[in-house]
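K.L.:
Submitted below is the structure of interest, expressed as structure tokens.
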Amino acid sequence: MGEVAADLIARARAGDGEAFRELTEPYLRELQVHCYRMLGSFQDAEDALQNTLLAAWQSLEGFEGRASLRTWLYRIATHRCLDARRAASRRPAKEWDMSGVDWPEPTRLGEVVWLQPFPDALLEGAIEVPLGPEARYEQAEAISLAFVTALQVLPPRQLAVLILRDVLGFHASEVAGMLDATVESVNGALKRARASLQRQQPSPAGREPPPAAGSPAEDALVAKFVRAYESADLDAVVALLTDDVFLSMPPMPFEWEGRDAVARFFPSIFGSGRRELVPTRANGQPAFGAYLRAHSGIRHGTGLFVLTLSGDRICAMTRFDNSVLPWFGLPRSLPSR
């Protein structure tokens with residue numbers, strides 16, 4: 001531990017809040033992303049991060065420096081997230097009033113209805129963190145909606161082990177210390193988690209990788225989608241979809257799979273009036289605030305679309321409700337023009 005850190009810790013233990021903020025500030029973004037991967041919910045991750053900081057402030061006297069401050073904070077954050085997972089499992093199921101909504105019959109009902117998007121603006125500095133040598137995933141892949149969704153189906157302890165070992169690259173002995181477990185139990189949990197994740201996310205044969213973020217190829221595909229959507233051109237939208245395209249809309253559990261099923265979904269959207277898309281990014285993926293123009297000319301936010309790309313096609317679309325718009329700096333409504 002360096003002299004500066006030791007001095008900050010001594011001052012923080014003496015009740016200096018500014019010293020505590022200076023100590024923890026470098027880790028806040030990556031800890032927030034860690035909590036999001038654990039919980040799949042942006043709001044729950046915010047709460048877990050605040051609980052982590054409170055617990056760290058209250059227990060700083062017990063920090064002995066045997067592990068790094070970063071490791072100690074990850075230990076606290078992981079336990080706070082595990083507590084949140086246990087509490088969340090007791091939440092009553094939400095009732096949905098579907099009257100007046102003319103959607104096609106869903107292909108199936110999804111399990112991860114609490115999924116929320118993560119703004120790319122908050123990823124800066126959070127996914128460029130130094131990883132341990134045993135990390136198996138690119139940080140960009142490990143924040144994608146598909147990956148975060150697959151994580152949520154894992155049992156909580158397996159989830160924690162897989163993120164700490166395969167995403168962040170902590171050694172098995174470090175993870176055992178964080179979870180008050182044996183190295184053997186950590187290795188066993190990791191093996192089961194990997195097998196479960198492989199079942200959740202089998203690699204589709206021949207699926208092309210997405211174009212690089214911000215590349216001309218991504219820009220071109222996104223522009224085609226915006227033109228087709230804003231002109232309510234169903235054929236043009238469908239032409240951009242892969243055969244196995246997947247549409248979900250948390251917090252509602254409905255999911256549609258396959259080009260035909262997704263094609264039946266869009267007429268209900270296009271029939272409700274003129275729509276506009278405002279670009280943003282979520283989970284390292286192209287995203288759009290969706291707005292519907294009222295008779296007054298005011299455009300009201302109806303939700304957020306996040307696209308998952310494969311080659312020059314869209315292989316998944318996730319639609320979130322309009323409550324998430326402020327997280328992306330998007331207003332609930334836009335003035336008439």
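Quick note on naming: the chains in the structure tokens go A, B, ... in the order shown, residues restart at 1 in each chain, and ligands are numbered from 1 in order of appearance.
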Which residues, written as a ChimeraX atom specification, have at least one atom at most 7 Å from Cys315 in chain A, with only C-alpha atoms counted and residues fewer than 6 positions away on the same chain left out?
P.N.:
/A:241-242,244-246,308-309
K.L.:
Now that the selection is made, can you save its residues with N, CA and C atoms as an mmCIF file, in the first residue's frame?
P.N.:
data_model
loop_
_atom_site.group_PDB
_atom_site.id
_atom_site.type_symbol
_atom_site.label_atom_id
_atom_site.label_comp_id
_atom_site.auth_asym_id
_atom_site.auth_seq_id
_atom_site.Cartn_x
_atom_site.Cartn_y
_atom_site.Cartn_z
ATOM 1 N N LEU A 241 -33.841 -8.193 -40.649
ATOM 2 C CA LEU A 241 -33.819 -9.147 -39.544
ATOM 3 C C LEU A 241 -33.236 -10.489 -39.963
ATOM 4 N N THR A 242 -32.540 -11.142 -39.033
ATOM 5 C CA THR A 242 -32.098 -12.519 -39.277
ATOM 6 C C THR A 242 -33.305 -13.452 -39.167
ATOM 7 N N ASP A 244 -33.665 -15.972 -37.298
ATOM 8 C CA ASP A 244 -33.934 -16.359 -35.914
ATOM 9 C C ASP A 244 -33.993 -15.151 -34.983
ATOM 10 N N VAL A 245 -34.342 -13.991 -35.531
ATOM 11 C CA VAL A 245 -34.373 -12.767 -34.726
ATOM 12 C C VAL A 245 -35.251 -12.955 -33.484
ATOM 13 N N PHE A 246 -34.889 -12.244 -32.427
ATOM 14 C CA PHE A 246 -35.523 -12.445 -31.128
ATOM 15 C C PHE A 246 -35.942 -11.082 -30.582
ATOM 16 N N THR A 308 -29.376 -5.713 -31.241
ATOM 17 C CA THR A 308 -28.226 -6.615 -31.243
ATOM 18 C C THR A 308 -27.963 -6.981 -32.704
ATOM 19 N N LEU A 309 -26.740 -6.745 -33.149
ATOM 20 C CA LEU A 309 -26.416 -6.894 -34.568
ATOM 21 C C LEU A 309 -25.593 -8.151 -34.826
#
K.L.:
Tell me, which residues of range 94-300 of chain A carry DSSP helix (DSSP H, G or I), written as a VMD selection string?
P.N.:
chain A and resid 120 to 122 141 to 143 145 to 152 156 to 167 172 to 179 183 to 200 216 to 230 234 to 239 259 to 270
K.L.:
Quick one: distance from CA of Met178 in chain A to CA of Val161 in chain A in Å, one decimal?
P.N.:
9.8 Å
K.L.:
Neighbouring residues of Phe254 in chain A were defined as those with any atom within 8 Å, considering only C-alpha atoms; residues of the same chain fewer than 3 positions away were excluded. Please report them as a PDB file with all heavy atoms, in the first residue's frame.
P.N.:
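Once written, selection_37.pdb looks like this:
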ATOM      1  N   PRO A 106     -47.314 -14.191 -28.066  1.00  0.00           N
ATOM      2  CA  PRO A 106     -45.864 -14.351 -27.907  1.00  0.00           C
ATOM      3  C   PRO A 106     -45.424 -15.794 -28.129  1.00  0.00           C
ATOM      4  O   PRO A 106     -46.204 -16.736 -27.946  1.00  0.00           O
ATOM      5  CB  PRO A 106     -45.606 -13.915 -26.464  1.00  0.00           C
ATOM      6  CG  PRO A 106     -46.916 -14.073 -25.764  1.00  0.00           C
ATOM      7  CD  PRO A 106     -47.977 -13.843 -26.799  1.00  0.00           C
ATOM      8  N   THR A 107     -44.165 -15.961 -28.557  1.00  0.00           N
ATOM      9  CA  THR A 107     -43.601 -17.294 -28.750  1.00  0.00           C
ATOM     10  C   THR A 107     -43.425 -18.004 -27.410  1.00  0.00           C
ATOM     11  O   THR A 107     -43.637 -19.198 -27.282  1.00  0.00           O
ATOM     12  CB  THR A 107     -42.220 -17.190 -29.452  1.00  0.00           C
ATOM     13  OG1 THR A 107     -42.371 -16.395 -30.617  1.00  0.00           O
ATOM     14  CG2 THR A 107     -41.693 -18.561 -29.822  1.00  0.00           C
ATOM     15  N   ARG A 108     -43.003 -17.224 -26.407  1.00  0.00           N
ATOM     16  CA  ARG A 108     -42.806 -17.794 -25.067  1.00  0.00           C
ATOM     17  C   ARG A 108     -42.766 -16.655 -24.060  1.00  0.00           C
ATOM     18  O   ARG A 108     -42.769 -15.481 -24.419  1.00  0.00           O
ATOM     19  CB  ARG A 108     -41.516 -18.607 -25.009  1.00  0.00           C
ATOM     20  CG  ARG A 108     -40.253 -17.812 -25.291  1.00  0.00           C
ATOM     21  CD  ARG A 108     -39.019 -18.662 -25.017  1.00  0.00           C
ATOM     22  NE  ARG A 108     -37.805 -17.891 -25.214  1.00  0.00           N
ATOM     23  CZ  ARG A 108     -36.993 -18.028 -26.251  1.00  0.00           C
ATOM     24  NH1 ARG A 108     -37.292 -18.876 -27.222  1.00  0.00           N
ATOM     25  NH2 ARG A 108     -35.890 -17.309 -26.348  1.00  0.00           N
ATOM     26  N   LEU A 109     -42.726 -17.018 -22.778  1.00  0.00           N
ATOM     27  CA  LEU A 109     -42.615 -16.042 -21.709  1.00  0.00           C
ATOM     28  C   LEU A 109     -41.188 -16.063 -21.165  1.00  0.00           C
ATOM     29  O   LEU A 109     -40.626 -17.126 -20.907  1.00  0.00           O
ATOM     30  CB  LEU A 109     -43.616 -16.350 -20.584  1.00  0.00           C
ATOM     31  CG  LEU A 109     -45.093 -16.310 -20.991  1.00  0.00           C
ATOM     32  CD1 LEU A 109     -45.975 -16.607 -19.783  1.00  0.00           C
ATOM     33  CD2 LEU A 109     -45.461 -14.950 -21.587  1.00  0.00           C
ATOM     34  N   GLY A 110     -40.611 -14.889 -21.004  1.00  0.00           N
ATOM     35  CA  GLY A 110     -39.228 -14.793 -20.545  1.00  0.00           C
ATOM     36  C   GLY A 110     -39.124 -14.858 -19.035  1.00  0.00           C
ATOM     37  O   GLY A 110     -40.062 -14.544 -18.306  1.00  0.00           O
ATOM     38  N   SER A 248     -37.763  -9.084 -27.283  1.00  0.00           N
ATOM     39  CA  SER A 248     -38.274  -9.147 -25.914  1.00  0.00           C
ATOM     40  C   SER A 248     -38.592  -7.737 -25.445  1.00  0.00           C
ATOM     41  O   SER A 248     -38.122  -6.753 -26.027  1.00  0.00           O
ATOM     42  CB  SER A 248     -37.250  -9.800 -24.976  1.00  0.00           C
ATOM     43  OG  SER A 248     -36.026  -9.090 -25.012  1.00  0.00           O
ATOM     44  N   MET A 249     -39.386  -7.617 -24.375  1.00  0.00           N
ATOM     45  CA  MET A 249     -39.795  -6.285 -23.925  1.00  0.00           C
ATOM     46  C   MET A 249     -39.982  -6.222 -22.408  1.00  0.00           C
ATOM     47  O   MET A 249     -41.081  -5.991 -21.908  1.00  0.00           O
ATOM     48  CB  MET A 249     -41.055  -5.826 -24.659  1.00  0.00           C
ATOM     49  CG  MET A 249     -42.141  -6.850 -24.794  1.00  0.00           C
ATOM     50  SD  MET A 249     -43.402  -6.306 -25.990  1.00  0.00           S
ATOM     51  CE  MET A 249     -43.753  -4.649 -25.446  1.00  0.00           C
ATOM     52  N   PRO A 250     -38.887  -6.430 -21.659  1.00  0.00           N
ATOM     53  CA  PRO A 250     -38.992  -6.313 -20.218  1.00  0.00           C
ATOM     54  C   PRO A 250     -39.443  -4.894 -19.812  1.00  0.00           C
ATOM     55  O   PRO A 250     -39.125  -3.934 -20.526  1.00  0.00           O
ATOM     56  CB  PRO A 250     -37.557  -6.600 -19.744  1.00  0.00           C
ATOM     57  CG  PRO A 250     -36.683  -6.428 -20.932  1.00  0.00           C
ATOM     58  CD  PRO A 250     -37.523  -6.680 -22.139  1.00  0.00           C
TER      59      PRO A 250
END
K.L.:
Compare A:Arg11, A:Arg319, A:Arg37, A:Arg259 by their minimum atom-to-atom distance to Glu61 in chain A, counting only C-alpha atoms, and give me the closest one.
P.N.:
A:Arg11
K.L.:
Pick from A:Ser333, A:Gln32, A:Ser173, A:Asn51: nearest to Phe118 in chain A, with only C-alpha atoms counted?
P.N.:
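Of A:Ser333, A:Gln32, A:Ser173, A:Asn51, the one nearest Phe118 in chain A is A:Gln32, counting only C-alpha atoms.
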K.L.:
Write out as number ranges by chain which residues come within 6 Å of Leu190 in chain A when counting only C-alpha atoms, dropping same-chain ones fewer than 2 positions away.
P.N.:
A: 161-162, 187-188, 192-193
K.L.:
If you measure from CA of Thr182 in chain A to CA of Asp83 in chain A, what distance in Å do you get, rounded to one decimal?
P.N.:
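A separation of 20.1 Å between them.
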K.L.:
Out of A:Pro117, A:Leu151, A:Arg29, A:Arg293, which residue has the shortest atom-to-atom distance to Phe305 in chain A when counting only C-alpha atoms?
P.N.:
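For Phe305 in chain A, the nearest of the given residues is A:Pro117.
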K.L.:
Do you know which residues are at most 12 Å from Ala121 in chain A counting only C-alpha atoms, after dropping those on the same chain fewer than 4 positions away, and could you put them as a PyMOL selection string?
P.N.:
chain A and resi 29+33+117+125-127+280-285+327-329
K.L.:
Determine, counting only C-alpha atoms, which protein, DNA and RNA residues have an atom within 10 Å of an atom of Glu138 in chain A; residues of the same chain fewer than 6 positions away are not included. Present the result as a list of chain:residue names.
P.N.:
A:Ile127, A:Glu128, A:Leu131, A:Asp166, A:Val167, A:Leu168
K.L.:
Would you mind exporting the chosen residues as an mmCIF file, in the first residue's frame, restricted to C-alpha atoms?
P.N.:
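The result, stored in selection-v6.cif:
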data_model
loop_
_atom_site.group_PDB
_atom_site.id
_atom_site.type_symbol
_atom_site.label_atom_id
_atom_site.label_comp_id
_atom_site.auth_asym_id
_atom_site.auth_seq_id
_atom_site.Cartn_x
_atom_site.Cartn_y
_atom_site.Cartn_z
ATOM 1 C CA ILE A 127 -14.757 -1.641 -18.867
ATOM 2 C CA GLU A 128 -11.155 -0.669 -19.520
ATOM 3 C CA LEU A 131 -8.237 -7.714 -15.707
ATOM 4 C CA ASP A 166 -14.172 -15.411 -15.912
ATOM 5 C CA VAL A 167 -15.170 -11.762 -16.402
ATOM 6 C CA LEU A 168 -12.812 -10.004 -13.981
#
K.L.:
Rank A:Val186, A:Leu179, A:Ala290, A:Leu325 by their smallest atom-to-atom distance to Val226 in chain A, using only C-alpha atoms, and report the top residue only.
P.N.:
A:Ala290
